[in-house]
>>> print(open('model-v1.cif').read())   # mmCIF, C-alpha atoms
data_model
#
loop_
_atom_site.group_PDB
_atom_site.id
_atom_site.type_symbol
_atom_site.label_atom_id
_atom_site.label_comp_id
_atom_site.auth_asym_id
_atom_site.auth_seq_id
_atom_site.Cartn_x
_atom_site.Cartn_y
_atom_site.Cartn_z
ATOM 1 C CA MET A 1 168.013 45.918 -135.448
ATOM 2 C CA THR A 2 168.265 43.457 -132.587
ATOM 3 C CA SER A 3 165.579 40.945 -131.854
ATOM 4 C CA GLN A 4 164.933 39.858 -128.362
ATOM 5 C CA SER A 5 163.449 36.439 -127.750
ATOM 6 C CA THR A 6 161.066 36.429 -124.961
ATOM 7 C CA ALA A 7 160.909 33.266 -122.869
ATOM 8 C CA VAL A 8 157.542 31.764 -122.816
ATOM 9 C CA ARG A 9 156.570 30.959 -119.298
ATOM 10 C CA GLN A 10 155.403 27.393 -118.942
ATOM 11 C CA PRO A 11 152.435 26.754 -116.723
ATOM 12 C CA ASP A 12 153.274 25.182 -113.392
ATOM 13 C CA ARG A 13 152.779 21.401 -113.391
ATOM 14 C CA PRO A 14 151.297 19.798 -110.316
ATOM 15 C CA ALA A 15 153.671 17.601 -108.315
ATOM 16 C CA PRO A 16 153.116 13.896 -108.997
ATOM 17 C CA SER A 17 151.082 12.277 -106.301
ATOM 18 C CA PRO A 18 152.461 9.159 -104.668
ATOM 19 C CA PRO A 19 151.058 5.919 -106.084
ATOM 20 C CA VAL A 20 148.101 4.643 -104.191
ATOM 21 C CA ARG A 21 148.439 1.029 -103.139
ATOM 22 C CA SER A 22 145.570 -1.115 -104.203
ATOM 23 C CA ALA A 23 143.431 -2.842 -101.634
ATOM 24 C CA SER A 24 144.747 -6.257 -102.734
ATOM 25 C CA ALA A 25 148.378 -5.139 -102.258
ATOM 26 C CA GLN A 26 147.553 -3.813 -98.807
ATOM 27 C CA ARG A 27 145.879 -7.074 -97.869
ATOM 28 C CA ALA A 28 148.879 -9.021 -99.163
ATOM 29 C CA GLY A 29 151.243 -6.897 -97.092
ATOM 30 C CA ALA A 30 149.115 -7.329 -94.006
ATOM 31 C CA GLY A 31 149.017 -11.090 -94.622
ATOM 32 C CA ARG A 32 152.809 -11.252 -94.893
ATOM 33 C CA ALA A 33 153.211 -9.265 -91.711
ATOM 34 C CA ALA A 34 150.732 -11.493 -89.878
ATOM 35 C CA GLY A 35 152.485 -14.623 -91.163
ATOM 36 C CA PHE A 36 155.859 -13.312 -90.053
ATOM 37 C CA ALA A 37 154.457 -12.435 -86.626
ATOM 38 C CA MET A 38 152.999 -15.929 -86.259
ATOM 39 C CA ALA A 39 156.275 -17.593 -87.311
ATOM 40 C CA LEU A 40 158.457 -15.361 -85.127
ATOM 41 C CA PRO A 41 157.817 -16.981 -81.698
ATOM 42 C CA PRO A 42 158.942 -20.510 -82.712
ATOM 43 C CA ILE A 43 161.904 -19.033 -84.587
ATOM 44 C CA LEU A 44 162.965 -17.090 -81.512
ATOM 45 C CA LEU A 45 162.422 -20.165 -79.361
ATOM 46 C CA ILE A 46 164.607 -22.300 -81.616
ATOM 47 C CA ALA A 47 167.269 -19.599 -81.793
ATOM 48 C CA LEU A 48 167.307 -19.174 -78.009
ATOM 49 C CA PHE A 49 167.225 -22.798 -76.871
ATOM 50 C CA ILE A 50 168.948 -24.523 -79.810
ATOM 51 C CA GLY A 51 170.883 -22.036 -81.910
ATOM 52 C CA PHE A 52 172.543 -20.144 -79.075
ATOM 53 C CA PRO A 53 173.698 -23.299 -77.198
ATOM 54 C CA ILE A 54 175.127 -24.669 -80.460
ATOM 55 C CA VAL A 55 177.152 -21.506 -81.027
ATOM 56 C CA LEU A 56 178.283 -21.564 -77.397
ATOM 57 C CA ALA A 57 179.320 -25.223 -77.619
ATOM 58 C CA PHE A 58 181.185 -24.673 -80.894
ATOM 59 C CA ALA A 59 183.097 -21.783 -79.330
ATOM 60 C CA PHE A 60 183.960 -24.028 -76.376
ATOM 61 C CA SER A 61 185.294 -26.708 -78.720
ATOM 62 C CA LEU A 62 187.602 -24.056 -80.220
ATOM 63 C CA GLY A 63 188.973 -23.118 -76.798
ATOM 64 C CA PHE A 64 186.873 -20.060 -75.929
ATOM 65 C CA THR A 65 186.351 -20.798 -72.250
ATOM 66 C CA GLY A 66 185.171 -17.410 -71.046
ATOM 67 C CA GLY A 67 181.679 -16.141 -70.360
ATOM 68 C CA LEU A 68 179.048 -18.845 -70.109
ATOM 69 C CA ASN A 69 181.684 -21.508 -70.824
ATOM 70 C CA ARG A 70 183.739 -20.546 -67.803
ATOM 71 C CA THR A 71 182.160 -22.927 -65.286
ATOM 72 C CA ILE A 72 182.385 -26.047 -67.410
ATOM 73 C CA ALA A 73 185.956 -25.147 -68.362
ATOM 74 C CA LEU A 74 186.921 -24.940 -64.693
ATOM 75 C CA ILE A 75 185.289 -28.265 -63.845
ATOM 76 C CA GLY A 76 186.390 -30.227 -66.913
ATOM 77 C CA GLN A 77 189.703 -31.930 -67.447
ATOM 78 C CA ASN A 78 192.073 -31.657 -70.423
ATOM 79 C CA VAL A 79 190.489 -28.399 -71.575
ATOM 80 C CA HIS A 80 192.338 -26.528 -74.334
ATOM 81 C CA GLU A 81 192.084 -22.736 -73.980
ATOM 82 C CA ALA A 82 192.378 -20.312 -76.861
ATOM 83 C CA GLN A 83 195.270 -17.873 -76.723
ATOM 84 C CA GLY A 84 194.014 -14.933 -78.712
ATOM 85 C CA GLY A 85 192.682 -17.053 -81.543
ATOM 86 C CA PRO A 86 190.828 -20.358 -81.779
ATOM 87 C CA THR A 87 192.660 -23.563 -80.980
ATOM 88 C CA PHE A 88 192.050 -26.983 -82.480
ATOM 89 C CA GLY A 89 193.748 -28.849 -79.658
ATOM 90 C CA ALA A 90 190.589 -30.727 -78.669
ATOM 91 C CA TYR A 91 190.016 -31.814 -82.271
ATOM 92 C CA ALA A 92 193.644 -32.951 -82.516
ATOM 93 C CA ASP A 93 193.202 -34.956 -79.315
ATOM 94 C CA MET A 94 190.219 -36.816 -80.678
ATOM 95 C CA PHE A 95 191.455 -37.457 -84.210
ATOM 96 C CA THR A 96 194.680 -38.929 -82.847
ATOM 97 C CA ASN A 97 192.825 -41.051 -80.286
ATOM 98 C CA PRO A 98 192.493 -44.698 -81.441
ATOM 99 C CA ARG A 99 189.395 -45.177 -79.267
ATOM 100 C CA PHE A 100 187.571 -42.308 -80.933
ATOM 101 C CA LEU A 101 188.605 -43.390 -84.437
ATOM 102 C CA GLY A 102 187.380 -46.916 -83.727
ATOM 103 C CA ASP A 103 184.078 -45.646 -82.364
ATOM 104 C CA LEU A 104 183.692 -43.339 -85.374
ATOM 105 C CA ALA A 105 184.240 -46.234 -87.773
ATOM 106 C CA VAL A 106 181.784 -48.425 -85.833
ATOM 107 C CA THR A 107 179.191 -45.645 -85.864
ATOM 108 C CA VAL A 108 179.437 -45.176 -89.634
ATOM 109 C CA ILE A 109 179.362 -48.922 -90.323
ATOM 110 C CA VAL A 110 176.405 -49.625 -88.010
ATOM 111 C CA THR A 111 174.505 -46.665 -89.481
ATOM 112 C CA ALA A 112 175.122 -47.798 -93.058
ATOM 113 C CA VAL A 113 174.313 -51.471 -92.429
ATOM 114 C CA SER A 114 171.225 -50.798 -90.307
ATOM 115 C CA THR A 115 169.876 -48.235 -92.763
ATOM 116 C CA ALA A 116 170.361 -50.608 -95.696
ATOM 117 C CA VAL A 117 168.562 -53.432 -93.888
ATOM 118 C CA VAL A 118 165.687 -51.159 -92.846
ATOM 119 C CA ILE A 119 165.172 -49.785 -96.358
ATOM 120 C CA LEU A 120 165.327 -53.253 -97.931
ATOM 121 C CA LEU A 121 162.776 -54.657 -95.476
ATOM 122 C CA ALA A 122 160.481 -51.645 -95.824
ATOM 123 C CA ALA A 123 160.730 -51.717 -99.626
ATOM 124 C CA GLY A 124 160.030 -55.457 -99.650
ATOM 125 C CA ILE A 125 156.901 -55.004 -97.569
ATOM 126 C CA GLY A 126 155.778 -52.078 -99.707
ATOM 127 C CA LEU A 127 156.334 -53.977 -102.961
ATOM 128 C CA TYR A 128 154.432 -56.990 -101.663
ATOM 129 C CA LEU A 129 151.511 -54.761 -100.741
ATOM 130 C CA LYS A 130 151.644 -53.048 -104.123
ATOM 131 C CA PHE A 131 151.805 -56.149 -106.304
ATOM 132 C CA LYS A 132 150.228 -58.873 -104.156
ATOM 133 C CA GLY A 133 148.272 -57.318 -101.307
ATOM 134 C CA GLY A 134 145.900 -59.640 -99.538
ATOM 135 C CA VAL A 135 146.012 -60.866 -95.977
ATOM 136 C CA VAL A 136 149.740 -61.632 -95.981
ATOM 137 C CA GLY A 137 150.629 -58.103 -97.039
ATOM 138 C CA LYS A 138 148.403 -56.580 -94.381
ATOM 139 C CA VAL A 139 149.919 -58.849 -91.721
ATOM 140 C CA LEU A 140 153.450 -57.896 -92.769
ATOM 141 C CA SER A 141 152.683 -54.176 -92.674
ATOM 142 C CA ALA A 142 150.998 -54.539 -89.277
ATOM 143 C CA LEU A 143 153.945 -56.470 -87.831
ATOM 144 C CA ALA A 144 156.372 -53.848 -89.129
ATOM 145 C CA VAL A 145 154.507 -51.092 -87.244
ATOM 146 C CA ILE A 146 154.376 -52.939 -83.895
ATOM 147 C CA PRO A 147 157.729 -51.497 -82.654
ATOM 148 C CA LEU A 148 156.091 -48.065 -82.577
ATOM 149 C CA PHE A 149 154.073 -49.166 -79.544
ATOM 150 C CA ILE A 150 156.937 -50.781 -77.620
ATOM 151 C CA PRO A 151 159.288 -48.479 -75.674
ATOM 152 C CA VAL A 152 162.882 -48.587 -76.875
ATOM 153 C CA VAL A 153 164.150 -49.480 -73.401
ATOM 154 C CA ILE A 154 161.865 -52.510 -73.200
ATOM 155 C CA ALA A 155 162.813 -53.611 -76.708
ATOM 156 C CA SER A 156 166.525 -53.230 -75.925
ATOM 157 C CA TRP A 157 166.295 -55.435 -72.841
ATOM 158 C CA ALA A 158 164.228 -57.991 -74.746
ATOM 159 C CA ILE A 159 166.761 -58.142 -77.575
ATOM 160 C CA LEU A 160 169.590 -58.414 -75.053
ATOM 161 C CA GLY A 161 167.970 -61.373 -73.299
ATOM 162 C CA PHE A 162 166.872 -63.039 -76.528
ATOM 163 C CA TYR A 163 170.454 -63.312 -77.818
ATOM 164 C CA SER A 164 172.230 -63.822 -74.469
ATOM 165 C CA ALA A 165 174.155 -66.913 -73.395
ATOM 166 C CA ASP A 166 171.049 -68.384 -71.750
ATOM 167 C CA GLY A 167 168.573 -66.779 -74.137
ATOM 168 C CA PHE A 168 165.901 -68.286 -76.339
ATOM 169 C CA LEU A 169 167.994 -68.889 -79.450
ATOM 170 C CA ARG A 170 170.849 -70.615 -77.658
ATOM 171 C CA SER A 171 168.401 -72.710 -75.662
ATOM 172 C CA VAL A 172 166.621 -73.912 -78.801
ATOM 173 C CA ALA A 173 169.915 -74.461 -80.612
ATOM 174 C CA ALA A 174 171.268 -76.469 -77.674
ATOM 175 C CA GLN A 175 168.300 -78.823 -77.927
ATOM 176 C CA LEU A 176 169.301 -79.454 -81.543
ATOM 177 C CA GLY A 177 172.973 -79.882 -80.694
ATOM 178 C CA VAL A 178 174.003 -76.570 -82.246
ATOM 179 C CA ASP A 179 176.284 -74.082 -80.513
ATOM 180 C CA PHE A 180 174.606 -70.792 -81.396
ATOM 181 C CA PRO A 181 176.828 -67.695 -80.938
ATOM 182 C CA VAL A 182 176.214 -65.187 -78.154
ATOM 183 C CA TRP A 183 175.273 -61.854 -79.691
ATOM 184 C CA SER A 184 174.439 -59.901 -76.535
ATOM 185 C CA PHE A 185 176.740 -56.951 -75.892
ATOM 186 C CA THR A 186 178.015 -57.028 -79.459
ATOM 187 C CA MET A 187 177.464 -54.737 -82.407
ATOM 188 C CA VAL A 188 175.190 -57.397 -83.919
ATOM 189 C CA THR A 189 172.537 -56.667 -81.292
ATOM 190 C CA VAL A 190 173.024 -52.951 -81.887
ATOM 191 C CA VAL A 191 172.216 -53.473 -85.574
ATOM 192 C CA ILE A 192 169.216 -55.655 -84.705
ATOM 193 C CA GLY A 193 167.925 -53.091 -82.209
ATOM 194 C CA SER A 194 168.476 -50.222 -84.650
ATOM 195 C CA VAL A 195 166.540 -52.063 -87.346
ATOM 196 C CA TRP A 196 163.743 -52.852 -84.883
ATOM 197 C CA THR A 197 163.282 -49.232 -83.812
ATOM 198 C CA SER A 198 163.667 -47.686 -87.288
ATOM 199 C CA LEU A 199 161.574 -50.075 -89.386
ATOM 200 C CA PRO A 200 158.054 -48.737 -88.609
ATOM 201 C CA PHE A 201 158.593 -45.181 -89.849
ATOM 202 C CA ALA A 202 160.452 -46.311 -92.961
ATOM 203 C CA THR A 203 157.735 -48.861 -93.740
ATOM 204 C CA LEU A 204 154.953 -46.286 -93.455
ATOM 205 C CA LEU A 205 156.759 -43.755 -95.622
ATOM 206 C CA ILE A 206 157.974 -46.128 -98.326
ATOM 207 C CA THR A 207 154.684 -48.032 -98.473
ATOM 208 C CA SER A 208 152.732 -44.825 -99.000
ATOM 209 C CA GLY A 209 155.181 -43.752 -101.700
ATOM 210 C CA LEU A 210 154.890 -47.054 -103.535
ATOM 211 C CA GLN A 211 151.103 -47.037 -103.289
ATOM 212 C CA SER A 212 151.033 -43.629 -105.001
ATOM 213 C CA VAL A 213 152.586 -45.049 -108.185
ATOM 214 C CA PRO A 214 149.782 -45.196 -110.799
ATOM 215 C CA GLN A 215 148.694 -48.720 -111.580
ATOM 216 C CA ALA A 216 148.278 -47.715 -115.229
ATOM 217 C CA MET A 217 152.036 -47.178 -115.539
ATOM 218 C CA ILE A 218 152.710 -50.674 -114.156
ATOM 219 C CA ASP A 219 150.128 -52.249 -116.449
ATOM 220 C CA SER A 220 151.593 -50.441 -119.474
ATOM 221 C CA ALA A 221 155.065 -51.743 -118.670
ATOM 222 C CA ARG A 222 153.713 -55.272 -118.262
ATOM 223 C CA ASP A 223 151.871 -55.018 -121.574
ATOM 224 C CA ALA A 224 155.145 -54.002 -123.197
ATOM 225 C CA GLY A 225 156.704 -57.246 -121.955
ATOM 226 C CA ALA A 226 158.629 -55.950 -118.935
ATOM 227 C CA SER A 227 159.399 -58.465 -116.215
ATOM 228 C CA PHE A 228 158.601 -57.913 -112.558
ATOM 229 C CA TRP A 229 162.084 -56.649 -111.683
ATOM 230 C CA ARG A 230 162.183 -54.447 -114.784
ATOM 231 C CA VAL A 231 158.900 -52.864 -113.699
ATOM 232 C CA VAL A 232 160.270 -52.336 -110.184
ATOM 233 C CA ILE A 233 163.604 -50.887 -111.311
ATOM 234 C CA SER A 234 162.401 -48.801 -114.264
ATOM 235 C CA VAL A 235 158.923 -47.691 -113.165
ATOM 236 C CA VAL A 236 158.140 -48.125 -109.477
ATOM 237 C CA VAL A 237 161.419 -47.095 -107.826
ATOM 238 C CA PRO A 238 161.981 -43.942 -109.941
ATOM 239 C CA MET A 239 158.416 -42.739 -109.349
ATOM 240 C CA ALA A 240 158.681 -43.413 -105.603
ATOM 241 C CA GLY A 241 162.289 -42.263 -105.410
ATOM 242 C CA VAL A 242 161.673 -39.151 -103.309
ATOM 243 C CA PRO A 243 159.831 -40.961 -100.455
ATOM 244 C CA ILE A 244 162.512 -43.660 -100.470
ATOM 245 C CA ILE A 245 165.282 -41.059 -100.223
ATOM 246 C CA ILE A 246 163.476 -39.237 -97.425
ATOM 247 C CA ALA A 247 162.964 -42.489 -95.510
ATOM 248 C CA THR A 248 166.650 -43.346 -95.991
ATOM 249 C CA THR A 249 167.887 -40.002 -94.695
ATOM 250 C CA PHE A 250 165.556 -39.988 -91.690
ATOM 251 C CA THR A 251 166.546 -43.549 -90.800
ATOM 252 C CA ALA A 252 170.262 -42.849 -91.133
ATOM 253 C CA ILE A 253 170.136 -39.703 -88.993
ATOM 254 C CA GLY A 254 168.080 -41.468 -86.330
ATOM 255 C CA ILE A 255 170.488 -44.404 -86.114
ATOM 256 C CA LEU A 256 173.534 -42.128 -86.230
ATOM 257 C CA GLY A 257 172.441 -40.248 -83.126
ATOM 258 C CA SER A 258 170.925 -43.185 -81.238
ATOM 259 C CA PHE A 259 171.830 -43.730 -77.597
ATOM 260 C CA THR A 260 169.443 -46.145 -75.874
ATOM 261 C CA VAL A 261 169.947 -49.171 -78.129
ATOM 262 C CA PRO A 262 173.778 -49.072 -78.243
ATOM 263 C CA TYR A 263 173.947 -48.167 -74.550
ATOM 264 C CA PHE A 264 171.923 -51.193 -73.414
ATOM 265 C CA THR A 265 172.901 -53.770 -76.021
ATOM 266 C CA GLY A 266 176.375 -52.786 -77.222
ATOM 267 C CA PRO A 267 179.837 -53.526 -75.806
ATOM 268 C CA ASN A 268 181.849 -51.120 -73.677
ATOM 269 C CA SER A 269 184.308 -50.590 -76.527
ATOM 270 C CA PRO A 270 184.032 -50.010 -79.382
ATOM 271 C CA ASN A 271 180.598 -48.440 -79.322
ATOM 272 C CA MET A 272 178.697 -45.743 -81.126
ATOM 273 C CA LEU A 273 179.501 -42.075 -80.620
ATOM 274 C CA GLY A 274 176.259 -41.356 -78.788
ATOM 275 C CA VAL A 275 177.382 -43.586 -75.926
ATOM 276 C CA ASP A 276 180.979 -42.401 -76.199
ATOM 277 C CA MET A 277 179.895 -38.776 -75.836
ATOM 278 C CA SER A 278 178.097 -39.600 -72.606
ATOM 279 C CA ASN A 279 181.169 -41.408 -71.270
ATOM 280 C CA TYR A 280 183.518 -38.542 -72.084
ATOM 281 C CA PHE A 281 181.164 -35.975 -70.602
ATOM 282 C CA SER A 282 180.245 -37.723 -67.351
ATOM 283 C CA ALA A 283 182.621 -40.620 -66.638
ATOM 284 C CA PHE A 284 185.846 -39.150 -68.055
ATOM 285 C CA ASN A 285 184.975 -35.505 -67.214
ATOM 286 C CA GLN A 286 186.224 -34.254 -70.583
ATOM 287 C CA PRO A 287 183.366 -32.052 -71.822
ATOM 288 C CA GLN A 288 185.387 -30.352 -74.537
ATOM 289 C CA GLN A 289 186.196 -33.670 -76.177
ATOM 290 C CA ALA A 290 182.534 -34.694 -75.882
ATOM 291 C CA VAL A 291 181.533 -31.515 -77.697
ATOM 292 C CA VAL A 292 184.037 -32.294 -80.444
ATOM 293 C CA MET A 293 182.413 -35.700 -80.934
ATOM 294 C CA ALA A 294 179.005 -34.035 -81.016
ATOM 295 C CA PHE A 295 180.097 -31.763 -83.848
ATOM 296 C CA VAL A 296 181.584 -34.694 -85.746
ATOM 297 C CA VAL A 297 178.187 -36.411 -85.551
ATOM 298 C CA PHE A 298 176.550 -33.109 -86.519
ATOM 299 C CA ALA A 299 178.793 -32.829 -89.591
ATOM 300 C CA ILE A 300 177.907 -36.351 -90.728
ATOM 301 C CA ALA A 301 174.216 -35.725 -90.105
ATOM 302 C CA SER A 302 174.420 -32.463 -92.079
ATOM 303 C CA GLY A 303 175.761 -34.371 -95.076
ATOM 304 C CA ILE A 304 172.849 -36.799 -94.829
ATOM 305 C CA ALA A 305 170.402 -33.915 -94.374
ATOM 306 C CA ALA A 306 171.718 -32.314 -97.572
ATOM 307 C CA VAL A 307 170.386 -35.332 -99.472
ATOM 308 C CA TYR A 308 167.006 -34.835 -97.771
ATOM 309 C CA VAL A 309 166.925 -31.155 -98.790
ATOM 310 C CA TRP A 310 167.837 -32.086 -102.354
ATOM 311 C CA ALA A 311 165.048 -34.665 -102.480
ATOM 312 C CA ASN A 312 162.488 -32.127 -101.240
ATOM 313 C CA PHE A 313 163.732 -29.527 -103.703
ATOM 314 C CA ARG A 314 163.459 -31.996 -106.558
ATOM 315 C CA SER A 315 159.963 -33.004 -105.471
ATOM 316 C CA ALA A 316 158.848 -29.367 -105.309
ATOM 317 C CA ARG A 317 160.346 -28.634 -108.718
ATOM 318 C CA GLU A 318 158.658 -31.615 -110.307
ATOM 319 C CA SER A 319 155.308 -30.637 -108.815
ATOM 320 C CA GLY A 320 155.667 -27.094 -110.171
ATOM 321 C CA ALA A 321 155.911 -25.390 -106.801
ATOM 322 C CA LEU A 322 159.284 -23.885 -107.763
#
>>> encode(input="model-v1.cif", output="structure tokens")
Amino acid sequence: MTSQSTAVRQPDRPAPSPPVRSASAQRAGAGRAAGFAMALPPILLIALFIGFPIVLAFAFSLGFTGGLNRTIALIGQNVHEAQGGPTFGAYADMFTNPRFLGDLAVTVIVTAVSTAVVILLAAGIGLYLKFKGGVVGKVLSALAVIPLFIPVVIASWAILGFYSADGFLRSVAAQLGVDFPVWSFTMVTVVIGSVWTSLPFATLLITSGLQSVPQAMIDSARDAGASFWRVVISVVVPMAGVPIIIATTFTAIGILGSFTVPYFTGPNSPNMLGVDMSNYFSAFNQPQQAVVMAFVVFAIASGIAAVYVWANFRSARESGAL
């Protein structure tokens, strides 16, 4: 006797309905879309007027002289053209050129020295305000901000005349029988001018960072027997480290790419790369070599900017934003 199993028919199950987004999720999505739409115009503007020219200039430095680079390649002298692949002929020209190497060394040295002087002066003013205050501190901070209201061109000419052969310092020194050196059209005046123009911003940023250090931490360190310099090194500087780093990077990048101060106060050679770029582009009619120098400055500035990004990342992580 055979038994047949009959399949039991299962009732049809309704198809699962798609999940319904909550009202809060919909509002969040709409907010993200609105934020992206608001941020898109400046992004497109930067990409069109900054990003695209940078890519075009980098291609020109590698010998790609077609398209939009065609006109400048025809006008310029000593242009290296790519033959199928990129060429580094323009870079080889510059890194075997003693003039460029000297200007590169001067640029790095002036940037380092000027930045160090600016940060030391700004930190000194900020520390005086933090620990002493009073009328003297307010006067120092006010004097440090004055260069913000004086055009760089005017300040450059004033510095040039102040340290010239018939300037104020040599005139006063001559009355005392002292032969004061002539600093006009030397790198000394470039450093002085760079410090003058960069000090206000660094002072404002570092002073605000030092003022944010809790007074209770300083008093606790003093109660524990710490000296003034121990308090500064172990308490104040670490807690205001991020603003100091940001001020240092901004100052260094600004001095690195400066043109007006070294152009008016510096010598013909050696001089900073900002002036040298202008000479190669206009006076020497070598635009490809000028672009190479621009990307060398850009590479140095990118290294400095990496420190700025790290400082911001560390600040955000410490505040719990990341």
>>> closest_residue(input="model-v1.cif", among="A:Val261, A:Val152, A:Leu140, A:Ile54", to="Ser184 of chain A", atoms="all atoms listed in the file")
A:Val261
>>> closest_atom_pairs(input="model-v1.cif", of="segment 57-163 of chain A", to="segment 224-247 of chain A", cutoff="9 Å", atoms="all atoms listed in the file", output="tab-separated table")
residue	atom	partner	partner_atom	distance
A:Ile119	CA	A:Ala247	CA	7.7
A:Ala123	CA	A:Ile244	CA	8.3
A:Leu127	CA	A:Val232	CA	8.4
>>> closest_residue(input="model-v1.cif", among="A:Ile159, A:Ser269, A:Gly126, A:Gly177", to="Thr207 of chain A", atoms="all atoms listed in the file")
A:Gly126
>>> axis_aligned_box(input="model-v1.cif", around="segment 112-128 of chain A", padding_each_side="4 Å", output="AutoDock Vina command-line options")
--center_x 164.8 --center_y -52.4 --center_z -96.6 --size_x 28.7 --size_y 17.2 --size_z 20.7
>>> residues_around(input="model-v1.cif", residues="Thr111 of chain A", least_positions_apart="6", cutoff="9 Å", atoms="all atoms listed in the file", output="PyMOL selection string")
chain A and resi 191+194+251-256
>>> residues_around(input="model-v1.cif", residues="Met272 of chain A", least_positions_apart="6", cutoff="12 Å", atoms="all atoms listed in the file", output="PyMOL selection string")
chain A and resi 99-111+186-187+190-191+194+255-266+278-279+293-294+297
>>> resolve_selection(input="model-v1.cif", expression="the PyMOL selection byres ((chain A and resi 130) around 10)", output="VMD selection string")
chain A and resid 124 to 129 131 to 134 137 207 to 208 210 to 213 215 236
>>> atom_distance(input="model-v1.cif", atom1="atom CA of Tyr91 of chain A", atom2="atom CA of Val292 of chain A")
6.3 Å
>>> resolve_selection(input="model-v1.cif", expression="the PyMOL selection byres ((chain A and resi 85) around 9)", output="list of chain:residue names")
A:Leu62, A:Gly63, A:Phe64, A:Ala82, A:Gln83, A:Gly84, A:Pro86, A:Thr87
>>> closest_residue(input="model-v1.cif", among="A:Ala90, A:Leu199, A:Ala221, A:Ala158", to="Ala144 of chain A", atoms="only C-alpha atoms")
A:Leu199
>>> closest_residue(input="model-v1.cif", among="A:Val139, A:Val118, A:Leu160, A:Met217", to="Thr197 of chain A", atoms="all atoms listed in the file")
A:Val118
>>> closest_residue(input="model-v1.cif", among="A:Gly31, A:Val178, A:Gly209, A:Asn69", to="Pro53 of chain A", atoms="only C-alpha atoms")
A:Asn69
>>> atom_distance(input="model-v1.cif", atom1="atom CA of Ile206 of chain A", atom2="atom CA of Ala122 of chain A")
6.6 Å
>>> atom_distance(input="model-v1.cif", atom1="atom CA of Phe201 of chain A", atom2="atom CA of Val145 of chain A")
7.6 Å
>>> closest_residue(input="model-v1.cif", among="A:Ser282, A:Ser302, A:Ser156, A:Ser61", to="Phe250 of chain A", atoms="only C-alpha atoms")
A:Ser302
>>> decode(input="model-v1.cif", residues="segment 264-295 of chain A", atoms="C-alpha atoms", output="PDB file, in the first residue's frame")
ATOM      1  CA  PHE A 264      61.366  97.565  -3.051  1.00  0.00           C
ATOM      2  CA  THR A 265      63.953  96.969  -0.341  1.00  0.00           C
ATOM      3  CA  GLY A 266      66.043  94.014  -1.514  1.00  0.00           C
ATOM      4  CA  PRO A 267      69.057  93.821  -3.843  1.00  0.00           C
ATOM      5  CA  ASN A 268      68.886  92.853  -7.503  1.00  0.00           C
ATOM      6  CA  SER A 269      70.613  89.550  -6.752  1.00  0.00           C
ATOM      7  CA  PRO A 270      70.225  87.453  -4.749  1.00  0.00           C
ATOM      8  CA  ASN A 271      66.595  88.099  -3.931  1.00  0.00           C
ATOM      9  CA  MET A 272      63.534  86.149  -2.952  1.00  0.00           C
ATOM     10  CA  LEU A 273      61.742  83.900  -5.421  1.00  0.00           C
ATOM     11  CA  GLY A 274      58.686  86.136  -5.627  1.00  0.00           C
ATOM     12  CA  VAL A 275      60.781  88.851  -7.258  1.00  0.00           C
ATOM     13  CA  ASP A 276      62.772  86.327  -9.280  1.00  0.00           C
ATOM     14  CA  MET A 277      59.582  84.867 -10.743  1.00  0.00           C
ATOM     15  CA  SER A 278      58.523  88.297 -11.950  1.00  0.00           C
ATOM     16  CA  ASN A 279      61.935  88.874 -13.538  1.00  0.00           C
ATOM     17  CA  TYR A 280      61.928  85.545 -15.358  1.00  0.00           C
ATOM     18  CA  PHE A 281      58.378  86.032 -16.577  1.00  0.00           C
ATOM     19  CA  SER A 282      58.583  89.637 -17.777  1.00  0.00           C
ATOM     20  CA  ALA A 283      62.211  90.778 -18.064  1.00  0.00           C
ATOM     21  CA  PHE A 284      63.813  87.500 -19.186  1.00  0.00           C
ATOM     22  CA  ASN A 285      60.740  86.244 -21.116  1.00  0.00           C
ATOM     23  CA  GLN A 286      61.115  82.714 -19.750  1.00  0.00           C
ATOM     24  CA  PRO A 287      57.605  81.865 -18.519  1.00  0.00           C
ATOM     25  CA  GLN A 288      58.233  78.144 -18.212  1.00  0.00           C
ATOM     26  CA  GLN A 289      61.103  78.705 -15.805  1.00  0.00           C
ATOM     27  CA  ALA A 290      58.958  81.176 -13.844  1.00  0.00           C
ATOM     28  CA  VAL A 291      56.270  78.518 -13.501  1.00  0.00           C
ATOM     29  CA  VAL A 292      58.868  76.054 -12.236  1.00  0.00           C
ATOM     30  CA  MET A 293      59.865  78.525  -9.520  1.00  0.00           C
ATOM     31  CA  ALA A 294      56.204  79.009  -8.652  1.00  0.00           C
ATOM     32  CA  PHE A 295      55.764  75.285  -8.092  1.00  0.00           C
TER      33      PHE A 295
END
